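One structure is given here, and the rest of the page talks about it.
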Amino acid sequence: MIVLDQVYKRYSHPDQNGWFDAVHPTSLTIDQGEVFGLIGFSGAGKSTLLRLINLLERPDGGKVIVDGQNLTSLSTAQLRKARQNIGMIFQQFNLLSNLTVADNVAFPLKIAGWSTADINKRVKECLAIVDLEDRINHYPAQLSGGQKQRVGIARALAPSPHVILADEPTSALDPFTTRSVLDCLKEINKQFGVTIVMVTHEMQVIRNICNRAALMEQGKIVEIAEIKDHQILANSTLASKLIEGF
Ligand SMILES: Nc1ncnc2c1ncn2[C@@H]1O[C@H](COP(=O)(O)OP(=O)(O)OP(=O)(O)O)[C@@H](O)[C@H]1O
């Protein structure tokens with residue numbers, strides 16, 4: 001489903017021989033229907049790795065394959081189309097404040113050239129999935145943080161992607177709201193088989209929703225652990241981090 005083959009990302013850096021590897025060459029396969037977590041300290045490279053999956057960050061080398069398609073070899077137009085298969089949600093929701101909830105969710109569909117009738121139908125479907133039908137004509141400023149994130153989820157879901165990338169989707173939310181947003185994502189994963197890759201600082205998020213999680217340190221994946229029944233399996237570094245806390 002998602003294959004990263006020796007992808008890396010480097011930035012120019014004045015102090016480190018001119019270059020700094022935000023993500024060292026990394027290979028990783030994430031199966032269809034998985035909820036895969038990326039956890040680690042600030043600056044470990046989690047967001048960069050996540051953004052390499054939809055080429056929001058262009059890798060400096062290696063391949064990114066999603067649904068059998070090598071994204072790194074596509075033209076701009078082909079990549080735009082391929083990205084319809086990869087939704088994204090953000091810590092700060094990234095809603096357009098001058099658009100209603102309905103228009104925010106409709107946004108990716110308009111870009112994809114859907115008809116108005118199909119857009120209206122799909123927007124209602126997606127808002128029903130995230131339980132926000134009654135907020136369809138509200139503006140983002142009239143919503144709570146949890147509701148805003150659920151609009152973000154509906155927008156990501158609208159083009160029926162196979163993959164959703166989530167960059168710290170609950171970090172701006174209180175524990176109760178975090179729970180409801182995670183339940184919403186879990187339901188989407190279960191009902192539609194959408195693969196979710198999620199960056200988080202929060203170990204309870206990993207335990208709550210992920211099947212597997214990778215621990216990142218200094219631009220490298222140092223461990224991948226399985227999670228079963230909310231427990232991190234094996235005597236892993238991840239397990240000890242759980243005790244120390246992130
Ligand atoms: N555009 C950029 N230019 C230069 N350096 C960057 C750029 N983007 C990220 N970095 C650096 O790359 C490293 C990894 O950043 P990244 O945001 O991926 O880490 P992270 O693990 O997601 O951190 P956080 O949890 O704080 O968001 C950091 O040292 C960051 O400063």
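Following the order of the structure tokens, chains are lettered A, B, ..., residues in each are numbered from 1, and ligands are numbered from 1.
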
Taking a cut-off of 12 Å and counting only C-alpha atoms and all ligand atoms, can you build a table that, for each residue of chain A near ligand 1, reports the nearest atom pair and how far apart they are in Å (one decimal), sorted by chain then residue number, as a Markdown table?
| residue | atom | partner | partner_atom_place_in_ligand_line | distance |
| --- | --- | --- | --- | --- |
| A:Tyr8 | CA | ligand 1 | 12 (O) | 11.4 |
| A:Lys9 | CA | ligand 1 | 12 (O) | 8.7 |
| A:Arg10 | CA | ligand 1 | 5 (N) | 7.9 |
| A:Tyr11 | CA | ligand 1 | 4 (C) | 5.0 |
| A:Ser12 | CA | ligand 1 | 4 (C) | 6.6 |
| A:His13 | CA | ligand 1 | 4 (C) | 7.2 |
| A:Pro14 | CA | ligand 1 | 4 (C) | 10.4 |
| A:Gln16 | CA | ligand 1 | 5 (N) | 11.9 |
| A:Gly18 | CA | ligand 1 | 4 (C) | 11.4 |
| A:Trp19 | CA | ligand 1 | 4 (C) | 9.5 |
| A:Phe20 | CA | ligand 1 | 5 (N) | 7.6 |
| A:Asp21 | CA | ligand 1 | 12 (O) | 7.3 |
| A:Ala22 | CA | ligand 1 | 12 (O) | 4.2 |
| A:Val23 | CA | ligand 1 | 14 (C) | 7.2 |
| A:His24 | CA | ligand 1 | 14 (C) | 10.6 |
| A:Leu38 | CA | ligand 1 | 21 (O) | 8.7 |
| A:Ile39 | CA | ligand 1 | 21 (O) | 7.7 |
| A:Gly40 | CA | ligand 1 | 21 (O) | 6.2 |
| A:Phe41 | CA | ligand 1 | 25 (O) | 5.9 |
| A:Ser42 | CA | ligand 1 | 26 (O) | 3.5 |
| A:Gly43 | CA | ligand 1 | 19 (O) | 3.5 |
| A:Ala44 | CA | ligand 1 | 21 (O) | 3.7 |
| A:Gly45 | CA | ligand 1 | 18 (O) | 3.2 |
| A:Lys46 | CA | ligand 1 | 21 (O) | 3.9 |
| A:Ser47 | CA | ligand 1 | 22 (O) | 3.7 |
| A:Thr48 | CA | ligand 1 | 18 (O) | 3.7 |
| A:Leu49 | CA | ligand 1 | 18 (O) | 6.4 |
| A:Leu50 | CA | ligand 1 | 18 (O) | 8.0 |
| A:Arg51 | CA | ligand 1 | 18 (O) | 8.4 |
| A:Leu52 | CA | ligand 1 | 18 (O) | 9.9 |
| A:Leu56 | CA | ligand 1 | 1 (N) | 10.9 |
| A:Glu57 | CA | ligand 1 | 1 (N) | 8.6 |
| A:Arg58 | CA | ligand 1 | 1 (N) | 10.9 |
| A:Phe90 | CA | ligand 1 | 27 (O) | 11.2 |
| A:Gln91 | CA | ligand 1 | 27 (O) | 9.9 |
| A:Ala166 | CA | ligand 1 | 22 (O) | 11.6 |
| A:Asp167 | CA | ligand 1 | 22 (O) | 8.3 |
| A:Glu168 | CA | ligand 1 | 27 (O) | 8.1 |
| A:Pro169 | CA | ligand 1 | 27 (O) | 11.7 |
| A:Ser171 | CA | ligand 1 | 25 (O) | 10.2 |
| A:Met198 | CA | ligand 1 | 22 (O) | 10.9 |
| A:Val199 | CA | ligand 1 | 22 (O) | 7.4 |
| A:Thr200 | CA | ligand 1 | 25 (O) | 7.4 |
| A:His201 | CA | ligand 1 | 25 (O) | 6.7 |
| A:Glu202 | CA | ligand 1 | 25 (O) | 10.4 |
| A:Ala214 | CA | ligand 1 | 21 (O) | 11.8 |
| A:Leu215 | CA | ligand 1 | 21 (O) | 10.1 |
| A:Met216 | CA | ligand 1 | 21 (O) | 7.5 |
| A:Glu217 | CA | ligand 1 | 21 (O) | 8.0 |
| A:Gln218 | CA | ligand 1 | 14 (C) | 7.7 |
| A:Gly219 | CA | ligand 1 | 14 (C) | 6.8 |
| A:Lys220 | CA | ligand 1 | 21 (O) | 10.2 |
| A:Ile221 | CA | ligand 1 | 21 (O) | 11.1 |
| A:Phe246 | CA | ligand 1 | 25 (O) | 10.3 |

Just to be explicit: take each residue in the selection above, keep N, CA and C atoms, and write the result as a short mmCIF file (atom, residue, chain, number, x, y, z; two decimals), in the first residue's frame.
data_model
loop_
_atom_site.label_atom_id
_atom_site.label_comp_id
_atom_site.auth_asym_id
_atom_site.auth_seq_id
_atom_site.Cartn_x
_atom_site.Cartn_y
_atom_site.Cartn_z
N TYR A 8 15.08 9.88 1.55
CA TYR A 8 15.73 10.77 2.51
C TYR A 8 15.47 12.22 2.16
N LYS A 9 15.61 13.06 3.19
CA LYS A 9 15.40 14.49 3.01
C LYS A 9 16.49 15.24 3.75
N ARG A 10 17.17 16.12 3.04
CA ARG A 10 18.20 16.92 3.70
C ARG A 10 17.95 18.41 3.45
N TYR A 11 18.31 19.18 4.45
CA TYR A 11 18.19 20.63 4.34
C TYR A 11 19.58 21.24 4.45
N SER A 12 19.74 22.40 3.87
CA SER A 12 21.02 23.07 4.04
C SER A 12 21.10 23.59 5.47
N HIS A 13 22.29 23.52 6.02
CA HIS A 13 22.47 23.88 7.42
C HIS A 13 23.84 24.54 7.57
N PRO A 14 23.90 25.74 8.13
CA PRO A 14 25.17 26.45 8.19
C PRO A 14 26.24 25.76 9.05
N GLN A 16 26.54 22.29 9.92
CA GLN A 16 26.84 20.86 9.82
C GLN A 16 27.31 20.50 8.41
N GLY A 18 27.30 22.05 5.93
CA GLY A 18 26.41 22.57 4.90
C GLY A 18 25.10 21.83 4.77
N TRP A 19 25.03 20.58 5.30
CA TRP A 19 23.80 19.77 5.13
C TRP A 19 23.38 19.15 6.44
N PHE A 20 22.08 18.93 6.53
CA PHE A 20 21.52 18.32 7.72
C PHE A 20 20.45 17.33 7.25
N ASP A 21 20.58 16.06 7.65
CA ASP A 21 19.61 15.04 7.21
C ASP A 21 18.41 15.01 8.16
N ALA A 22 17.32 15.63 7.76
CA ALA A 22 16.10 15.60 8.59
C ALA A 22 15.54 14.18 8.63
N VAL A 23 15.62 13.48 7.48
CA VAL A 23 15.28 12.05 7.42
C VAL A 23 16.41 11.35 6.67
N HIS A 24 17.08 10.43 7.35
CA HIS A 24 18.13 9.62 6.73
C HIS A 24 17.46 8.58 5.81
N LEU A 38 3.81 7.36 14.07
CA LEU A 38 5.21 7.84 14.09
C LEU A 38 5.36 8.65 15.35
N ILE A 39 6.24 8.19 16.24
CA ILE A 39 6.39 8.88 17.53
C ILE A 39 7.86 9.19 17.77
N GLY A 40 8.12 10.20 18.56
CA GLY A 40 9.50 10.56 18.86
C GLY A 40 9.55 11.98 19.39
N PHE A 41 10.73 12.36 19.85
CA PHE A 41 10.89 13.70 20.41
C PHE A 41 10.81 14.75 19.30
N SER A 42 10.63 15.97 19.73
CA SER A 42 10.57 17.09 18.81
C SER A 42 11.85 17.14 17.96
N GLY A 43 11.68 17.32 16.67
CA GLY A 43 12.83 17.43 15.77
C GLY A 43 13.34 16.09 15.27
N ALA A 44 12.67 14.98 15.65
CA ALA A 44 13.15 13.65 15.25
C ALA A 44 12.96 13.37 13.76
N GLY A 45 12.10 14.15 13.12
CA GLY A 45 11.88 13.94 11.69
C GLY A 45 10.53 13.34 11.34
N LYS A 46 9.63 13.28 12.32
CA LYS A 46 8.33 12.63 12.12
C LYS A 46 7.50 13.32 11.04
N SER A 47 7.34 14.64 11.18
CA SER A 47 6.50 15.38 10.21
C SER A 47 7.12 15.33 8.83
N THR A 48 8.44 15.42 8.78
CA THR A 48 9.10 15.38 7.47
C THR A 48 8.84 14.03 6.81
N LEU A 49 8.98 12.95 7.58
CA LEU A 49 8.74 11.62 7.01
C LEU A 49 7.29 11.50 6.53
N LEU A 50 6.36 12.01 7.35
CA LEU A 50 4.94 11.94 6.96
C LEU A 50 4.72 12.70 5.64
N ARG A 51 5.30 13.89 5.55
CA ARG A 51 5.09 14.73 4.37
C ARG A 51 5.82 14.22 3.14
N LEU A 52 6.75 13.31 3.34
CA LEU A 52 7.39 12.65 2.19
C LEU A 52 6.41 11.68 1.52
N LEU A 56 4.53 16.34 -0.09
CA LEU A 56 4.51 17.74 0.34
C LEU A 56 5.96 18.17 0.55
N GLU A 57 6.78 17.23 0.99
CA GLU A 57 8.23 17.40 0.96
C GLU A 57 8.76 16.47 -0.14
N ARG A 58 9.48 17.01 -1.08
CA ARG A 58 10.08 16.18 -2.14
C ARG A 58 11.32 15.49 -1.60
N PHE A 90 -4.37 18.07 9.97
CA PHE A 90 -3.30 18.84 10.59
C PHE A 90 -3.62 19.18 12.04
N GLN A 91 -2.57 19.44 12.78
CA GLN A 91 -2.73 19.82 14.20
C GLN A 91 -3.64 21.04 14.35
N ALA A 166 -2.03 12.01 9.10
CA ALA A 166 -2.50 12.86 10.19
C ALA A 166 -1.28 13.37 10.95
N ASP A 167 -1.10 14.70 10.94
CA ASP A 167 0.07 15.29 11.60
C ASP A 167 -0.35 15.88 12.94
N GLU A 168 -0.13 15.13 13.99
CA GLU A 168 -0.50 15.54 15.35
C GLU A 168 -1.96 15.99 15.42
N PRO A 169 -2.89 15.13 15.00
CA PRO A 169 -4.28 15.57 14.87
C PRO A 169 -4.96 15.90 16.19
N SER A 171 -3.09 17.03 19.09
CA SER A 171 -2.22 17.75 20.02
C SER A 171 -2.82 19.05 20.53
N MET A 198 -0.05 8.35 11.28
CA MET A 198 -0.27 9.44 12.21
C MET A 198 0.99 9.80 13.00
N VAL A 199 1.33 11.07 12.98
CA VAL A 199 2.42 11.58 13.82
C VAL A 199 1.82 12.00 15.15
N THR A 200 2.47 11.62 16.22
CA THR A 200 1.99 12.05 17.53
C THR A 200 3.14 12.11 18.53
N HIS A 201 2.95 12.94 19.55
CA HIS A 201 3.86 12.96 20.70
C HIS A 201 3.31 12.08 21.82
N GLU A 202 2.03 11.69 21.65
CA GLU A 202 1.31 11.14 22.80
C GLU A 202 1.24 9.62 22.74
N ALA A 214 6.33 3.41 14.78
CA ALA A 214 7.78 3.54 14.61
C ALA A 214 8.27 4.64 15.54
N LEU A 215 9.34 4.35 16.24
CA LEU A 215 10.00 5.36 17.06
C LEU A 215 11.09 6.01 16.22
N MET A 216 11.04 7.34 16.13
CA MET A 216 12.07 8.05 15.36
C MET A 216 12.99 8.82 16.28
N GLU A 217 14.27 8.77 15.96
CA GLU A 217 15.28 9.56 16.66
C GLU A 217 16.27 10.10 15.64
N GLN A 218 16.49 11.40 15.68
CA GLN A 218 17.49 12.04 14.82
C GLN A 218 17.40 11.60 13.36
N GLY A 219 16.17 11.63 12.85
CA GLY A 219 15.98 11.36 11.42
C GLY A 219 15.97 9.90 11.03
N LYS A 220 15.98 9.00 12.03
CA LYS A 220 15.99 7.57 11.70
C LYS A 220 14.87 6.86 12.45
N ILE A 221 14.33 5.82 11.82
CA ILE A 221 13.43 4.92 12.55
C ILE A 221 14.33 3.98 13.33
N PHE A 246 6.81 10.95 26.75
CA PHE A 246 7.43 11.80 25.74
C PHE A 246 7.26 13.26 26.10
#

Practice problem: From the DSSP assignment of the backbone, select every residue of segment 43-238 of chain A that is strand (DSSP E or B), and format the answer as a ChimeraX atom specification. | Solution: /A:61-66,69-70,86-90,163-167,195-200,212-217,220-228,231-232

Quiz item: Where in segment 33-193 of chain A does DSSP assign helix (DSSP H, G or I), given as a PyMOL selection string?
Solution: chain A and resi 46-53+71-73+76-85+101-111+116-129+133-135+140-142+145-157+175-192

Please write the residues from the selection above to a file, keeping C-alpha atoms, as a short mmCIF file (atom, residue, chain, number, x, y, z; two decimals), in the first residue's frame.
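result.cif, written as the output of this step:
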data_model
loop_
_atom_site.label_atom_id
_atom_site.label_comp_id
_atom_site.auth_asym_id
_atom_site.auth_seq_id
_atom_site.Cartn_x
_atom_site.Cartn_y
_atom_site.Cartn_z
CA LYS A 46 8.33 12.63 12.12
CA SER A 47 6.50 15.38 10.21
CA THR A 48 9.10 15.38 7.47
CA LEU A 49 8.74 11.62 7.01
CA LEU A 50 4.94 11.94 6.96
CA ARG A 51 5.09 14.73 4.37
CA LEU A 52 7.39 12.65 2.19
CA ILE A 53 4.51 10.19 1.74
CA LEU A 71 4.89 9.21 -6.85
CA THR A 72 8.44 10.41 -7.30
CA SER A 73 8.25 9.69 -11.04
CA THR A 76 2.85 17.72 -11.62
CA ALA A 77 -0.58 16.95 -13.14
CA GLN A 78 -0.26 13.22 -12.41
CA LEU A 79 0.85 13.94 -8.85
CA ARG A 80 -2.13 16.26 -8.29
CA LYS A 81 -4.41 13.39 -9.30
CA ALA A 82 -2.53 10.81 -7.22
CA ARG A 83 -2.82 13.07 -4.17
CA GLN A 84 -6.63 12.76 -4.31
CA ASN A 85 -5.96 9.28 -2.96
CA VAL A 101 -18.18 23.84 6.94
CA ALA A 102 -19.87 22.60 3.74
CA ASP A 103 -17.55 24.63 1.52
CA ASN A 104 -14.46 23.50 3.42
CA VAL A 105 -15.41 19.86 2.88
CA ALA A 106 -16.33 20.58 -0.74
CA PHE A 107 -12.97 22.24 -1.42
CA PRO A 108 -10.96 19.19 -2.60
CA LEU A 109 -13.92 17.99 -4.67
CA LYS A 110 -14.19 21.31 -6.49
CA ILE A 111 -10.49 21.16 -7.28
CA THR A 116 -22.24 20.43 -7.91
CA ALA A 117 -24.84 17.69 -7.35
CA ASP A 118 -22.17 15.08 -6.57
CA ILE A 119 -20.35 17.53 -4.30
CA ASN A 120 -23.48 18.33 -2.30
CA LYS A 121 -24.24 14.63 -1.86
CA ARG A 122 -20.69 13.75 -0.82
CA VAL A 123 -20.40 16.70 1.60
CA LYS A 124 -23.56 15.54 3.40
CA GLU A 125 -22.28 11.95 3.52
CA CYS A 126 -18.94 13.00 4.98
CA LEU A 127 -20.48 15.33 7.55
CA ALA A 128 -22.77 12.47 8.61
CA ILE A 129 -19.72 10.22 9.08
CA GLU A 133 -24.57 17.44 9.80
CA ASP A 134 -26.11 20.09 12.03
CA ARG A 135 -23.10 22.39 11.56
CA PRO A 140 -14.93 27.47 11.54
CA ALA A 141 -14.88 30.27 14.16
CA GLN A 142 -18.25 29.00 15.41
CA GLY A 145 -11.53 22.46 18.42
CA GLY A 146 -12.86 18.91 18.23
CA GLN A 147 -15.55 19.95 15.75
CA LYS A 148 -12.96 21.75 13.63
CA GLN A 149 -10.82 18.64 13.52
CA ARG A 150 -13.84 16.57 12.53
CA VAL A 151 -14.46 19.00 9.64
CA GLY A 152 -10.79 18.46 8.74
CA ILE A 153 -11.39 14.71 8.76
CA ALA A 154 -14.52 15.08 6.60
CA ARG A 155 -12.54 17.21 4.13
CA ALA A 156 -9.73 14.64 4.00
CA LEU A 157 -12.26 11.85 3.52
CA PRO A 175 -8.17 14.46 26.49
CA PHE A 176 -11.94 14.07 26.13
CA THR A 177 -12.00 15.66 22.67
CA THR A 178 -8.89 13.67 21.71
CA ARG A 179 -10.84 10.52 22.48
CA SER A 180 -13.76 11.50 20.25
CA VAL A 181 -11.47 12.45 17.34
CA LEU A 182 -9.56 9.15 17.68
CA ASP A 183 -12.85 7.23 17.79
CA CYS A 184 -13.88 8.99 14.60
CA LEU A 185 -10.61 8.04 12.87
CA LYS A 186 -10.86 4.47 14.15
CA GLU A 187 -14.37 4.17 12.75
CA ILE A 188 -13.25 5.49 9.35
CA ASN A 189 -10.36 3.00 9.35
CA LYS A 190 -12.72 0.15 10.24
CA GLN A 191 -15.65 1.08 8.01
CA PHE A 192 -13.78 2.14 4.87
#

Quiz item: Which of these residues is nearest to Ile196 of chain A, using only C-alpha atoms: A:Gln32, A:Thr26, A:Asn17, A:Ser144?
Solution: A:Gln32

Quiz prompt | atom CA of Ala158 of chain A to atom CA of Val197 of chain A, distance in Å rounded to a single decimal | solution =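 So the two atoms, atom CA of Ala158 of chain A and atom CA of Val197 of chain A, lie 17.5 Å apart.
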
Quiz item: Looking at only C-alpha atoms, which of A:Gln6, A:Ile206, A:Leu165, A:Thr195 is the one that sits closest to Ile89 of chain A?
Solution: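 Of all the options, A:Leu165 lies closest to Ile89 of chain A.
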